[in-house]
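Asker: File work.tsv below, TSV, C-alpha atoms:
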```tsv
chain	number	residue	atom	x	y	z
A	1	MET	CA	56.83	11.97	-7.37
A	2	ASN	CA	54.46	12.33	-4.40
A	3	ASP	CA	52.77	15.25	-6.16
A	4	ARG	CA	51.55	12.85	-8.83
A	5	LEU	CA	49.74	10.63	-6.31
A	6	PRO	CA	46.00	11.37	-5.76
A	7	ASN	CA	45.40	12.97	-2.39
A	8	ALA	CA	42.68	11.89	0.06
A	9	ALA	CA	40.31	14.64	-1.04
A	10	MET	CA	40.53	13.56	-4.69
A	11	ILE	CA	39.93	9.92	-3.75
A	12	MET	CA	36.90	10.76	-1.62
A	13	SER	CA	35.53	12.99	-4.37
A	14	ALA	CA	35.82	10.18	-6.92
A	15	ILE	CA	34.12	7.75	-4.54
A	16	GLY	CA	31.32	10.23	-3.96
A	17	VAL	CA	30.73	10.72	-7.68
A	18	ARG	CA	30.67	6.96	-8.22
A	19	ALA	CA	28.17	6.52	-5.37
A	20	VAL	CA	25.91	9.21	-6.82
A	21	ARG	CA	25.99	7.52	-10.21
A	22	GLN	CA	25.22	4.15	-8.66
A	23	ASN	CA	22.27	5.59	-6.72
A	24	SER	CA	21.02	7.36	-9.83
A	25	ARG	CA	21.16	4.16	-11.86
A	26	ARG	CA	19.41	2.23	-9.10
A	27	ARG	CA	16.71	4.91	-9.04
A	28	ASP	CA	16.26	4.66	-12.81
A	29	ILE	CA	15.92	0.88	-12.55
A	30	LEU	CA	13.33	1.07	-9.78
A	31	ASP	CA	11.26	3.71	-11.59
A	32	ALA	CA	11.32	1.82	-14.90
A	33	ALA	CA	10.55	-1.53	-13.26
A	34	ALA	CA	7.68	-0.11	-11.18
A	35	ALA	CA	6.02	1.36	-14.28
A	36	LEU	CA	6.32	-1.91	-16.19
A	37	LEU	CA	5.26	-4.15	-13.31
A	38	ARG	CA	2.22	-1.98	-12.71
A	39	ALA	CA	1.20	-2.23	-16.38
A	40	ARG	CA	2.17	-5.82	-17.20
A	41	GLY	CA	2.46	-7.66	-13.92
A	42	PHE	CA	5.43	-9.69	-12.70
A	43	HIS	CA	5.33	-12.53	-15.22
A	44	GLY	CA	4.60	-10.19	-18.11
A	45	THR	CA	7.75	-8.17	-17.46
A	46	SER	CA	11.27	-9.36	-18.18
A	47	ILE	CA	14.64	-8.04	-17.06
A	48	ARG	CA	15.31	-7.23	-20.71
A	49	ASP	CA	12.15	-5.08	-20.77
A	50	ILE	CA	13.24	-3.24	-17.64
A	51	ALA	CA	16.76	-2.73	-18.98
A	52	ALA	CA	15.42	-1.28	-22.23
A	53	ALA	CA	13.08	1.08	-20.39
A	54	ALA	CA	15.92	2.23	-18.11
A	55	GLY	CA	18.36	2.64	-20.99
A	56	MET	CA	20.71	-0.03	-19.66
A	57	THR	CA	21.87	-3.54	-20.42
A	58	PRO	CA	20.40	-6.55	-18.57
A	59	GLY	CA	23.81	-7.06	-16.99
A	60	ALA	CA	23.63	-3.58	-15.48
A	61	ILE	CA	20.34	-4.50	-13.82
A	62	TYR	CA	21.90	-7.59	-12.26
A	63	SER	CA	24.75	-5.51	-10.87
A	64	HIS	CA	22.15	-3.82	-8.65
A	65	PHE	CA	19.64	-6.64	-8.08
A	66	ALA	CA	20.37	-10.35	-7.92
A	67	SER	CA	17.08	-11.30	-9.58
A	68	LYS	CA	13.76	-9.96	-10.84
A	69	ALA	CA	12.19	-11.13	-7.59
A	70	ALA	CA	14.75	-9.14	-5.58
A	71	LEU	CA	13.93	-6.08	-7.69
A	72	LEU	CA	10.22	-6.58	-7.01
A	73	LEU	CA	10.94	-6.81	-3.29
A	74	ALA	CA	12.75	-3.46	-3.39
A	75	ILE	CA	9.80	-1.89	-5.23
A	76	TYR	CA	7.37	-3.36	-2.71
A	77	GLN	CA	9.44	-1.96	0.15
A	78	GLU	CA	9.43	1.51	-1.36
A	79	GLY	CA	5.71	1.34	-2.10
A	80	ILE	CA	4.98	0.28	1.47
A	81	ASP	CA	7.23	3.03	2.86
A	82	VAL	CA	5.48	5.72	0.81
A	83	ILE	CA	1.92	4.67	1.61
A	84	THR	CA	2.74	4.02	5.28
A	85	GLU	CA	4.19	7.50	5.72
A	86	ARG	CA	1.15	9.08	4.05
A	87	VAL	CA	-1.40	7.07	6.05
A	88	ASP	CA	0.36	7.46	9.41
A	89	ALA	CA	0.53	11.23	8.95
A	90	ALA	CA	-3.20	11.28	8.19
A	91	ILE	CA	-4.04	9.18	11.24
A	92	ALA	CA	-2.01	11.49	13.47
A	93	SER	CA	-4.20	14.42	12.42
A	94	ALA	CA	-7.34	12.85	13.95
A	95	THR	CA	-8.23	11.59	17.42
A	96	ASP	CA	-11.71	10.08	17.13
A	97	PRO	CA	-11.55	6.41	15.97
A	98	ARG	CA	-14.05	6.96	13.19
A	99	GLN	CA	-12.24	10.07	11.92
A	100	GLN	CA	-8.92	8.26	12.10
A	101	LEU	CA	-10.29	5.53	9.86
A	102	VAL	CA	-11.67	8.14	7.45
A	103	ALA	CA	-8.27	9.88	7.36
A	104	ALA	CA	-6.43	6.61	6.77
A	105	CYS	CA	-8.82	5.55	4.01
A	106	GLU	CA	-8.56	8.94	2.33
A	107	ALA	CA	-4.76	8.84	2.33
A	108	HIS	CA	-4.74	5.27	1.01
A	109	VAL	CA	-7.22	5.96	-1.80
A	110	ASP	CA	-5.58	9.28	-2.66
A	111	LEU	CA	-2.20	7.63	-3.20
A	112	LEU	CA	-3.70	4.85	-5.34
A	113	LEU	CA	-5.68	7.26	-7.49
A	114	ASP	CA	-2.64	9.51	-7.78
A	115	ARG	CA	-1.37	6.71	-10.05
A	116	SER	CA	1.81	6.12	-8.08
A	117	ASP	CA	3.53	3.23	-9.85
A	118	PHE	CA	5.02	1.92	-6.62
A	119	ALA	CA	1.67	1.93	-4.80
A	120	GLN	CA	-0.04	0.35	-7.80
A	121	VAL	CA	2.46	-2.52	-7.85
A	122	LEU	CA	1.29	-3.46	-4.35
A	123	ILE	CA	-2.16	-4.09	-5.83
A	124	ARG	CA	-1.10	-5.42	-9.23
A	125	VAL	CA	1.38	-8.05	-8.01
A	126	LEU	CA	0.21	-10.31	-5.20
A	127	PRO	CA	2.69	-12.08	-2.90
A	128	ARG	CA	1.55	-15.51	-4.12
A	129	ASP	CA	2.47	-14.53	-7.68
A	130	VAL	CA	6.17	-14.74	-6.83
A	131	PRO	CA	6.96	-17.82	-4.70
A	132	GLU	CA	10.63	-16.82	-4.32
A	133	VAL	CA	9.70	-13.85	-2.15
A	134	THR	CA	6.13	-14.65	-1.09
A	135	ARG	CA	7.01	-14.65	2.60
A	136	GLU	CA	8.82	-11.30	2.42
A	137	LEU	CA	6.09	-9.61	0.37
A	138	THR	CA	3.38	-10.95	2.68
A	139	ALA	CA	5.25	-9.63	5.72
A	140	LEU	CA	5.44	-6.16	4.16
A	141	ARG	CA	1.72	-6.13	3.35
A	142	ASP	CA	0.76	-7.49	6.76
A	143	GLY	CA	2.86	-4.87	8.49
A	144	TYR	CA	1.09	-2.10	6.61
A	145	GLU	CA	-2.41	-3.56	7.04
A	146	GLU	CA	-1.85	-3.95	10.78
A	147	ARG	CA	-2.68	-0.26	11.24
A	148	PHE	CA	-6.11	-0.86	9.69
A	149	ARG	CA	-6.66	-3.75	12.08
A	150	ARG	CA	-6.01	-1.38	14.99
A	151	LEU	CA	-8.29	1.28	13.50
A	152	VAL	CA	-11.18	-1.14	12.95
A	153	ASP	CA	-10.67	-2.67	16.40
A	154	ALA	CA	-11.06	0.81	17.92
A	155	LEU	CA	-14.52	1.32	16.38
A	156	PRO	CA	-17.53	0.91	18.71
A	157	LEU	CA	-19.14	-2.01	16.88
A	158	PRO	CA	-21.54	-4.73	18.07
A	159	ARG	CA	-19.87	-7.99	19.07
A	160	THR	CA	-21.72	-9.76	16.27
A	161	VAL	CA	-19.72	-7.83	13.64
A	162	SER	CA	-16.60	-9.63	12.41
A	163	ARG	CA	-13.89	-7.02	12.64
A	164	ARG	CA	-11.54	-9.15	10.55
A	165	HIS	CA	-13.99	-9.38	7.66
A	166	LEU	CA	-14.86	-5.72	8.03
A	167	ARG	CA	-11.17	-4.79	7.75
A	168	LEU	CA	-10.77	-6.96	4.66
A	169	PHE	CA	-13.89	-5.40	3.18
A	170	VAL	CA	-12.49	-1.89	3.70
A	171	LEU	CA	-9.11	-2.72	2.19
A	172	GLY	CA	-10.66	-4.55	-0.75
A	173	ALA	CA	-13.09	-1.73	-1.48
A	174	MET	CA	-10.30	0.86	-1.41
A	175	ASN	CA	-7.96	-1.15	-3.62
A	176	TRP	CA	-10.71	-1.74	-6.16
A	177	ALA	CA	-11.33	2.00	-6.48
A	178	GLN	CA	-8.52	2.28	-9.03
A	179	VAL	CA	-10.59	0.08	-11.37
A	180	TRP	CA	-13.87	1.98	-11.34
A	181	TYR	CA	-12.72	5.51	-10.49
A	182	ARG	CA	-12.90	8.16	-13.21
A	183	PRO	CA	-11.18	11.57	-12.89
A	184	GLY	CA	-13.64	14.32	-12.08
A	185	GLU	CA	-15.89	12.06	-10.01
A	186	ASP	CA	-15.89	11.81	-6.22
A	187	SER	CA	-12.68	12.89	-4.51
A	188	PRO	CA	-10.67	10.43	-2.39
A	189	ARG	CA	-12.01	12.24	0.69
A	190	THR	CA	-15.61	11.71	-0.42
A	191	ILE	CA	-14.96	8.05	-1.23
A	192	ALA	CA	-13.37	7.51	2.19
A	193	ARG	CA	-16.20	9.26	4.03
A	194	ARG	CA	-18.88	7.28	2.21
A	195	LEU	CA	-17.05	4.02	2.81
A	196	VAL	CA	-16.82	4.64	6.55
A	197	ALA	CA	-20.40	5.95	6.57
A	198	ALA	CA	-21.48	2.61	5.11
A	199	ILE	CA	-19.74	0.89	8.02
A	200	HIS	CA	-21.51	3.21	10.45
A	201	GLY	CA	-24.80	2.43	8.72
A	202	LEU	CA	-24.12	-1.27	9.12
A	203	ASP	CA	-23.45	-0.67	12.80
A	204	GLU	CA	-26.78	1.11	13.20
A	205	GLU	CA	-28.64	-1.57	11.21
A	206	VAL	CA	-27.18	-4.39	13.31
A	207	GLY	CA	-28.00	-2.45	16.46
A	208	HIS	CA	-31.56	-1.91	15.28
A	209	GLU	CA	-31.99	-5.60	14.51
A	210	ARG	CA	-30.66	-6.57	17.92
A	211	ARG	CA	-32.99	-4.13	19.67
A	212	SER	CA	-35.94	-5.43	17.65
A	213	ALA	CA	-35.07	-9.03	18.47
A	214	ALA	CA	-34.76	-8.15	22.15
A	215	ALA	CA	-38.12	-6.40	22.08
A	216	ARG	CA	-39.80	-9.40	20.42
A	217	ALA	CA	-38.28	-11.74	22.98
A	218	ALA	CA	-39.46	-9.48	25.79
A	219	GLY	CA	-42.96	-9.44	24.31
A	220	LYS	CA	-43.09	-13.22	24.19
A	221	ASN	CA	-41.97	-13.46	27.80
A	222	THR	CA	-44.62	-10.97	28.86
A	223	ARG	CA	-47.38	-12.94	27.12
A	224	HIS	CA	-46.28	-16.13	28.83
```
For this file, write the structure as C-alpha coordinates.

Answerer:
Amino acid sequence: MNDRLPNAAMIMSAIGVRAVRQNSRRRDILDAAAALLRARGFHGTSIRDIAAAAGMTPGAIYSHFASKAALLLAIYQEGIDVITERVDAAIASATDPRQQLVAACEAHVDLLLDRSDFAQVLIRVLPRDVPEVTRELTALRDGYEERFRRLVDALPLPRTVSRRHLRLFVLGAMNWAQVWYRPGEDSPRTIARRLVAAIHGLDEEVGHERRSAAARAAGKNTRH
(Lines of atoms letter the chains of each structure in order from A and count residues from 1; the text may use other names and numbers.)
(Lines give C-alpha, C1' and ligand atoms only; values in the text may rest on other atoms or scores of the structure.)
Protein backbone atom coordinates (compact mmCIF):
# COMPACT_ATOMS: atom_id res chain seq x y z
CA MET A 1 0.00 0.00 0.00
CA ASN A 2 2.86 2.37 0.84
CA ASP A 3 4.36 1.71 -2.60
CA ARG A 4 1.35 3.42 -4.16
CA LEU A 5 1.93 6.67 -2.25
CA PRO A 6 3.97 9.37 -4.07
CA ASN A 7 7.42 9.74 -2.56
CA ALA A 8 9.04 13.07 -1.66
CA ALA A 9 11.05 13.20 -4.89
CA MET A 10 7.91 12.80 -7.01
CA ILE A 11 6.10 15.50 -5.04
CA MET A 12 8.99 17.94 -5.37
CA SER A 13 9.27 17.19 -9.07
CA ALA A 14 5.58 17.93 -9.60
CA ILE A 15 5.87 21.18 -7.64
CA GLY A 16 8.89 22.18 -9.71
CA VAL A 17 7.07 21.54 -12.99
CA ARG A 18 4.08 23.55 -11.79
CA ALA A 19 6.34 26.45 -10.76
CA VAL A 20 8.04 26.44 -14.16
CA ARG A 21 4.68 26.54 -15.90
CA GLN A 22 3.50 29.38 -13.67
CA ASN A 23 6.67 31.38 -14.36
CA SER A 24 6.37 30.70 -18.08
CA ARG A 25 2.76 31.90 -18.13
CA ARG A 26 3.68 35.00 -16.13
CA ARG A 27 6.47 35.69 -18.62
CA ASP A 28 4.05 35.33 -21.54
CA ILE A 29 1.63 37.75 -19.89
CA LEU A 30 4.33 40.36 -19.23
CA ASP A 31 5.70 40.15 -22.78
CA ALA A 32 2.26 40.39 -24.38
CA ALA A 33 1.16 43.24 -22.10
CA ALA A 34 4.37 45.22 -22.64
CA ALA A 35 3.99 45.03 -26.42
CA LEU A 36 0.36 46.17 -26.27
CA LEU A 37 0.91 48.92 -23.70
CA ARG A 38 3.78 50.29 -25.74
CA ALA A 39 1.62 50.41 -28.88
CA ARG A 40 -1.76 51.43 -27.44
CA GLY A 41 -1.09 52.96 -24.05
CA PHE A 42 -2.69 51.98 -20.76
CA HIS A 43 -6.27 53.07 -21.44
CA GLY A 44 -6.20 51.69 -24.98
CA THR A 45 -5.33 48.20 -23.77
CA SER A 46 -7.74 45.87 -21.99
CA ILE A 47 -7.15 42.70 -20.01
CA ARG A 48 -9.08 40.89 -22.73
CA ASP A 49 -6.60 42.22 -25.32
CA ILE A 50 -3.66 41.03 -23.24
CA ALA A 51 -5.25 37.63 -22.67
CA ALA A 52 -5.84 37.16 -26.39
CA ALA A 53 -2.27 38.15 -27.24
CA ALA A 54 -0.91 35.76 -24.60
CA GLY A 55 -3.20 32.91 -25.67
CA MET A 56 -4.98 32.81 -22.33
CA THR A 57 -8.32 33.65 -20.78
CA PRO A 58 -8.84 36.91 -18.84
CA GLY A 59 -9.27 34.82 -15.71
CA ALA A 60 -5.79 33.38 -16.20
CA ILE A 61 -4.37 36.90 -16.24
CA TYR A 62 -6.07 37.72 -12.95
CA SER A 63 -4.61 34.60 -11.36
CA HIS A 64 -1.19 36.25 -11.77
CA PHE A 65 -2.05 39.95 -11.40
CA ALA A 66 -4.82 41.46 -9.30
CA SER A 67 -5.51 44.24 -11.80
CA LYS A 68 -4.31 45.87 -15.01
CA ALA A 69 -2.61 48.52 -12.88
CA ALA A 70 -0.73 45.82 -10.95
CA LEU A 71 0.37 44.30 -14.27
CA LEU A 72 1.61 47.71 -15.43
CA LEU A 73 3.56 48.11 -12.20
CA ALA A 74 5.32 44.77 -12.82
CA ILE A 75 6.19 45.85 -16.36
CA TYR A 76 7.50 49.19 -15.10
CA GLN A 77 9.64 47.40 -12.53
CA GLU A 78 11.16 45.15 -15.16
CA GLY A 79 11.74 48.05 -17.53
CA ILE A 80 13.47 50.03 -14.79
CA ASP A 81 15.59 47.02 -13.80
CA VAL A 82 16.75 46.47 -17.38
CA ILE A 83 17.63 50.09 -18.15
CA THR A 84 19.22 50.62 -14.73
CA GLU A 85 21.52 47.64 -15.17
CA ARG A 86 22.55 48.82 -18.65
CA VAL A 87 23.17 52.43 -17.59
CA ASP A 88 25.01 51.56 -14.36
CA ALA A 89 27.35 49.23 -16.25
CA ALA A 90 28.07 52.02 -18.75
CA ILE A 91 28.76 54.56 -15.99
CA ALA A 92 31.18 52.15 -14.30
CA SER A 93 33.29 52.05 -17.48
CA ALA A 94 34.11 55.78 -17.26
CA THR A 95 35.68 57.98 -14.58
CA ASP A 96 35.52 61.53 -15.92
CA PRO A 97 32.13 63.18 -15.10
CA ARG A 98 31.55 64.25 -18.69
CA GLN A 99 32.39 60.79 -20.05
CA GLN A 100 30.18 59.16 -17.45
CA LEU A 101 27.26 61.27 -18.62
CA VAL A 102 28.03 60.39 -22.25
CA ALA A 103 28.15 56.68 -21.34
CA ALA A 104 24.87 56.88 -19.41
CA CYS A 105 23.13 58.75 -22.23
CA GLU A 106 24.40 56.29 -24.81
CA ALA A 107 23.13 53.30 -22.83
CA HIS A 108 19.76 54.96 -22.25
CA VAL A 109 19.26 55.94 -25.90
CA ASP A 110 20.56 52.58 -27.15
CA LEU A 111 17.99 50.67 -25.11
CA LEU A 112 15.14 52.92 -26.25
CA LEU A 113 16.11 52.68 -29.90
CA ASP A 114 16.57 48.94 -29.55
CA ARG A 115 12.77 48.96 -29.37
CA SER A 116 12.59 47.18 -26.03
CA ASP A 117 8.88 47.00 -25.22
CA PHE A 118 9.52 47.26 -21.48
CA ALA A 119 11.72 50.35 -21.85
CA GLN A 120 9.24 51.92 -24.26
CA VAL A 121 6.39 51.49 -21.78
CA LEU A 122 8.30 53.75 -19.37
CA ILE A 123 7.99 56.52 -21.95
CA ARG A 124 4.57 55.64 -23.36
CA VAL A 125 2.70 55.38 -20.05
CA LEU A 126 3.23 58.21 -17.57
CA PRO A 127 2.64 57.72 -13.83
CA ARG A 128 -0.20 60.26 -13.83
CA ASP A 129 -2.05 58.17 -16.43
CA VAL A 130 -2.81 55.51 -13.82
CA PRO A 131 -3.90 57.07 -10.50
CA GLU A 132 -4.11 53.66 -8.78
CA VAL A 133 -0.34 53.25 -8.93
CA THR A 134 0.88 56.79 -9.62
CA ARG A 135 2.93 56.92 -6.43
CA GLU A 136 4.63 53.58 -7.10
CA LEU A 137 5.40 54.37 -10.74
CA THR A 138 6.74 57.80 -9.83
CA ALA A 139 9.01 56.26 -7.19
CA LEU A 140 10.44 53.84 -9.76
CA ARG A 141 11.11 56.62 -12.27
CA ASP A 142 12.59 58.92 -9.64
CA GLY A 143 14.90 56.17 -8.41
CA TYR A 144 16.23 55.64 -11.92
CA GLU A 145 16.55 59.34 -12.75
CA GLU A 146 18.46 59.96 -9.52
CA ARG A 147 21.63 58.68 -11.20
CA PHE A 148 21.30 61.41 -13.84
CA ARG A 149 20.93 63.99 -11.09
CA ARG A 150 24.24 62.82 -9.63
CA LEU A 151 25.90 62.84 -13.05
CA VAL A 152 24.74 66.37 -13.89
CA ASP A 153 25.67 67.59 -10.39
CA ALA A 154 29.22 66.32 -10.98
CA LEU A 155 29.69 68.47 -14.10
CA PRO A 156 31.81 71.63 -13.72
CA LEU A 157 29.08 74.13 -14.64
CA PRO A 158 28.65 77.83 -13.80
CA ARG A 159 26.45 78.51 -10.79
CA THR A 160 24.01 80.34 -13.04
CA VAL A 161 23.09 77.07 -14.82
CA SER A 162 20.06 75.30 -13.35
CA ARG A 163 21.21 71.73 -12.94
CA ARG A 164 17.65 70.55 -12.37
CA HIS A 165 16.43 71.99 -15.66
CA LEU A 166 19.54 70.74 -17.42
CA ARG A 167 18.87 67.20 -16.15
CA LEU A 168 15.25 67.39 -17.30
CA PHE A 169 16.41 68.69 -20.67
CA VAL A 170 18.79 65.75 -21.09
CA LEU A 171 16.19 63.15 -20.13
CA GLY A 172 13.52 64.74 -22.31
CA ALA A 173 15.83 64.96 -25.32
CA MET A 174 16.84 61.32 -24.96
CA ASN A 175 13.29 60.05 -24.54
CA TRP A 176 12.12 62.00 -27.57
CA ALA A 177 14.78 60.35 -29.75
CA GLN A 178 12.49 57.38 -30.33
CA VAL A 179 10.10 59.71 -32.17
CA TRP A 180 12.49 61.31 -34.65
CA TYR A 181 15.18 58.62 -34.97
CA ARG A 182 15.41 56.68 -38.23
CA PRO A 183 17.49 53.49 -38.59
CA GLY A 184 20.72 54.12 -40.44
CA GLU A 185 21.12 57.64 -39.07
CA ASP A 186 23.34 58.64 -36.14
CA SER A 187 24.18 55.86 -33.71
CA PRO A 188 23.14 56.09 -30.04
CA ARG A 189 26.78 56.86 -29.22
CA THR A 190 26.84 59.79 -31.65
CA ILE A 191 23.52 61.10 -30.33
CA ALA A 192 24.79 60.90 -26.75
CA ARG A 193 28.08 62.62 -27.58
CA ARG A 194 26.37 65.45 -29.44
CA LEU A 195 23.86 65.93 -26.64
CA VAL A 196 26.58 66.25 -24.02
CA ALA A 197 28.64 68.40 -26.40
CA ALA A 198 25.68 70.78 -26.58
CA ILE A 199 25.76 71.00 -22.78
CA HIS A 200 29.48 71.68 -22.89
CA GLY A 201 28.87 74.36 -25.51
CA LEU A 202 26.28 75.95 -23.26
CA ASP A 203 28.81 75.92 -20.45
CA GLU A 204 31.37 77.69 -22.62
CA GLU A 205 28.79 80.21 -23.89
CA VAL A 206 27.66 81.07 -20.36
CA GLY A 207 31.28 81.38 -19.28
CA HIS A 208 32.03 83.66 -22.21
CA GLU A 209 29.06 85.88 -21.39
CA ARG A 210 30.11 86.12 -17.76
CA ARG A 211 33.67 87.04 -18.71
CA SER A 212 32.40 89.66 -21.15
CA ALA A 213 30.08 91.14 -18.53
CA ALA A 214 32.92 91.24 -16.02
CA ALA A 215 35.18 92.95 -18.55
CA ARG A 216 32.52 95.57 -19.34
CA ALA A 217 32.00 96.23 -15.64
CA ALA A 218 35.75 96.57 -15.14
CA GLY A 219 35.94 99.01 -18.04
CA LYS A 220 33.21 101.19 -16.55
CA ASN A 221 34.97 101.24 -13.19
CA THR A 222 38.23 102.22 -14.84
CA ARG A 223 36.60 105.13 -16.68
CA HIS A 224 35.07 106.40 -13.46

Asker: Using all atoms listed in the file, which of A:Ile80, A:Val133, A:Ile191, A:Ala107 sits nearest Ser93 in chain A?

Answerer: A:Ala107

Asker: Give me, as JSON lines, each residue of range 102-219 of chain A that comes within 10 Å of range 28-45 of chain A, together with its shortest interatomic pair and the distance in Å at one decimal, counting only C-alpha atoms, with rows ordered by chain and rising residue number.

Answerer:
```
{"residue": "A:Arg115", "atom": "CA", "partner": "A:Arg38", "partner_atom": "CA", "distance": 9.8}
{"residue": "A:Ser116", "atom": "CA", "partner": "A:Ala35", "partner_atom": "CA", "distance": 8.9}
{"residue": "A:Asp117", "atom": "CA", "partner": "A:Ala35", "partner_atom": "CA", "distance": 5.4}
{"residue": "A:Phe118", "atom": "CA", "partner": "A:Ala34", "partner_atom": "CA", "distance": 5.7}
{"residue": "A:Ala119", "atom": "CA", "partner": "A:Arg38", "partner_atom": "CA", "distance": 8.8}
{"residue": "A:Gln120", "atom": "CA", "partner": "A:Arg38", "partner_atom": "CA", "distance": 5.9}
{"residue": "A:Val121", "atom": "CA", "partner": "A:Arg38", "partner_atom": "CA", "distance": 4.9}
{"residue": "A:Leu122", "atom": "CA", "partner": "A:Arg38", "partner_atom": "CA", "distance": 8.5}
{"residue": "A:Ile123", "atom": "CA", "partner": "A:Arg38", "partner_atom": "CA", "distance": 8.4}
{"residue": "A:Arg124", "atom": "CA", "partner": "A:Arg38", "partner_atom": "CA", "distance": 5.9}
{"residue": "A:Val125", "atom": "CA", "partner": "A:Gly41", "partner_atom": "CA", "distance": 6.0}
{"residue": "A:Leu126", "atom": "CA", "partner": "A:Phe42", "partner_atom": "CA", "distance": 9.2}
{"residue": "A:Asp129", "atom": "CA", "partner": "A:Phe42", "partner_atom": "CA", "distance": 7.6}
{"residue": "A:Val130", "atom": "CA", "partner": "A:Phe42", "partner_atom": "CA", "distance": 7.8}
```

Asker: Which value, in Å to one decimal, gives the distance between CA of Trp176 in chain A and CA of Ala92 in chain A?

Answerer: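 Atom-to-atom, CA of Trp176 in chain A to CA of Ala92 in chain A, that is 25.2 Å.
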
Asker: So that I can check the surroundings of Ile91 in chain A, please list as a list in words every protein, DNA and RNA residue that reaches within 6 Å of it, counting all atoms listed in the file and ignoring chain neighbours fewer than 5 positions away.

Answerer: Gln100, Ala103 and Ala104 of chain A

Asker: What separation in Å, quoted to one decimal, exists between CA of Arg167 in chain A and CA of Ala154 in chain A?

Answerer: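 Separation of CA of Arg167 in chain A and CA of Ala154 in chain A: 11.6 Å.
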
Asker: Expressed in Å to a single decimal, how great is the separation between CA of Leu195 in chain A and CA of Arg128 in chain A?

Answerer: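 Rounded to one decimal, the two atoms are 27.8 Å apart.
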
Asker: Could you tell me which of A:Leu168, A:His64, A:Pro58, A:Ile50 comes closest to Ser24 in chain A if we count all atoms listed in the file?

Answerer: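 Ranking A:Leu168, A:His64, A:Pro58, A:Ile50 by distance to Ser24 in chain A, first place goes to A:His64.
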
Asker: Using all atoms listed in the file, can you tell me which of A:Val82, A:Cys105, A:Leu137, A:Leu151 comes closest to Ala173 in chain A?

Answerer: A:Cys105

Asker: Which polymer residues have any atom within 12 Å of an atom of Glu136 in chain A, counting all atoms listed in the file, with same-chain residues fewer than 5 positions away left out, as a count of residues only?

Answerer: 15

Asker: Would you mind listing what lies within 10 Å of Arg98 in chain A as JSON, numbers by chain, with all atoms listed in the file counted and same-chain residues fewer than 2 positions away left out?

Answerer: {"A": [94, 95, 96, 100, 101, 102, 103, 104, 151, 152, 154, 155, 156, 193, 196, 197, 199, 200]}

Asker: Would you write out those residues with C-alpha atoms, as an mmCIF file, in the frame of the given file?

Answerer:
```
data_model
loop_
_atom_site.group_PDB
_atom_site.id
_atom_site.type_symbol
_atom_site.label_atom_id
_atom_site.label_comp_id
_atom_site.auth_asym_id
_atom_site.auth_seq_id
_atom_site.Cartn_x
_atom_site.Cartn_y
_atom_site.Cartn_z
ATOM 1 C CA ALA A 94 -7.340 12.850 13.950
ATOM 2 C CA THR A 95 -8.230 11.590 17.420
ATOM 3 C CA ASP A 96 -11.710 10.080 17.130
ATOM 4 C CA GLN A 100 -8.920 8.260 12.100
ATOM 5 C CA LEU A 101 -10.290 5.530 9.860
ATOM 6 C CA VAL A 102 -11.670 8.140 7.450
ATOM 7 C CA ALA A 103 -8.270 9.880 7.360
ATOM 8 C CA ALA A 104 -6.430 6.610 6.770
ATOM 9 C CA LEU A 151 -8.290 1.280 13.500
ATOM 10 C CA VAL A 152 -11.180 -1.140 12.950
ATOM 11 C CA ALA A 154 -11.060 0.810 17.920
ATOM 12 C CA LEU A 155 -14.520 1.320 16.380
ATOM 13 C CA PRO A 156 -17.530 0.910 18.710
ATOM 14 C CA ARG A 193 -16.200 9.260 4.030
ATOM 15 C CA VAL A 196 -16.820 4.640 6.550
ATOM 16 C CA ALA A 197 -20.400 5.950 6.570
ATOM 17 C CA ILE A 199 -19.740 0.890 8.020
ATOM 18 C CA HIS A 200 -21.510 3.210 10.450
#
```

Asker: Which residues are close to Asp110 in chain A, i.e. within 10 Å by only C-alpha atoms, leaving aside same-chain residues fewer than 2 positions away? Reply as a VMD selection string.

Answerer: chain A and resid 83 86 to 87 104 to 108 112 to 116 174 178 187 to 189 191 to 192
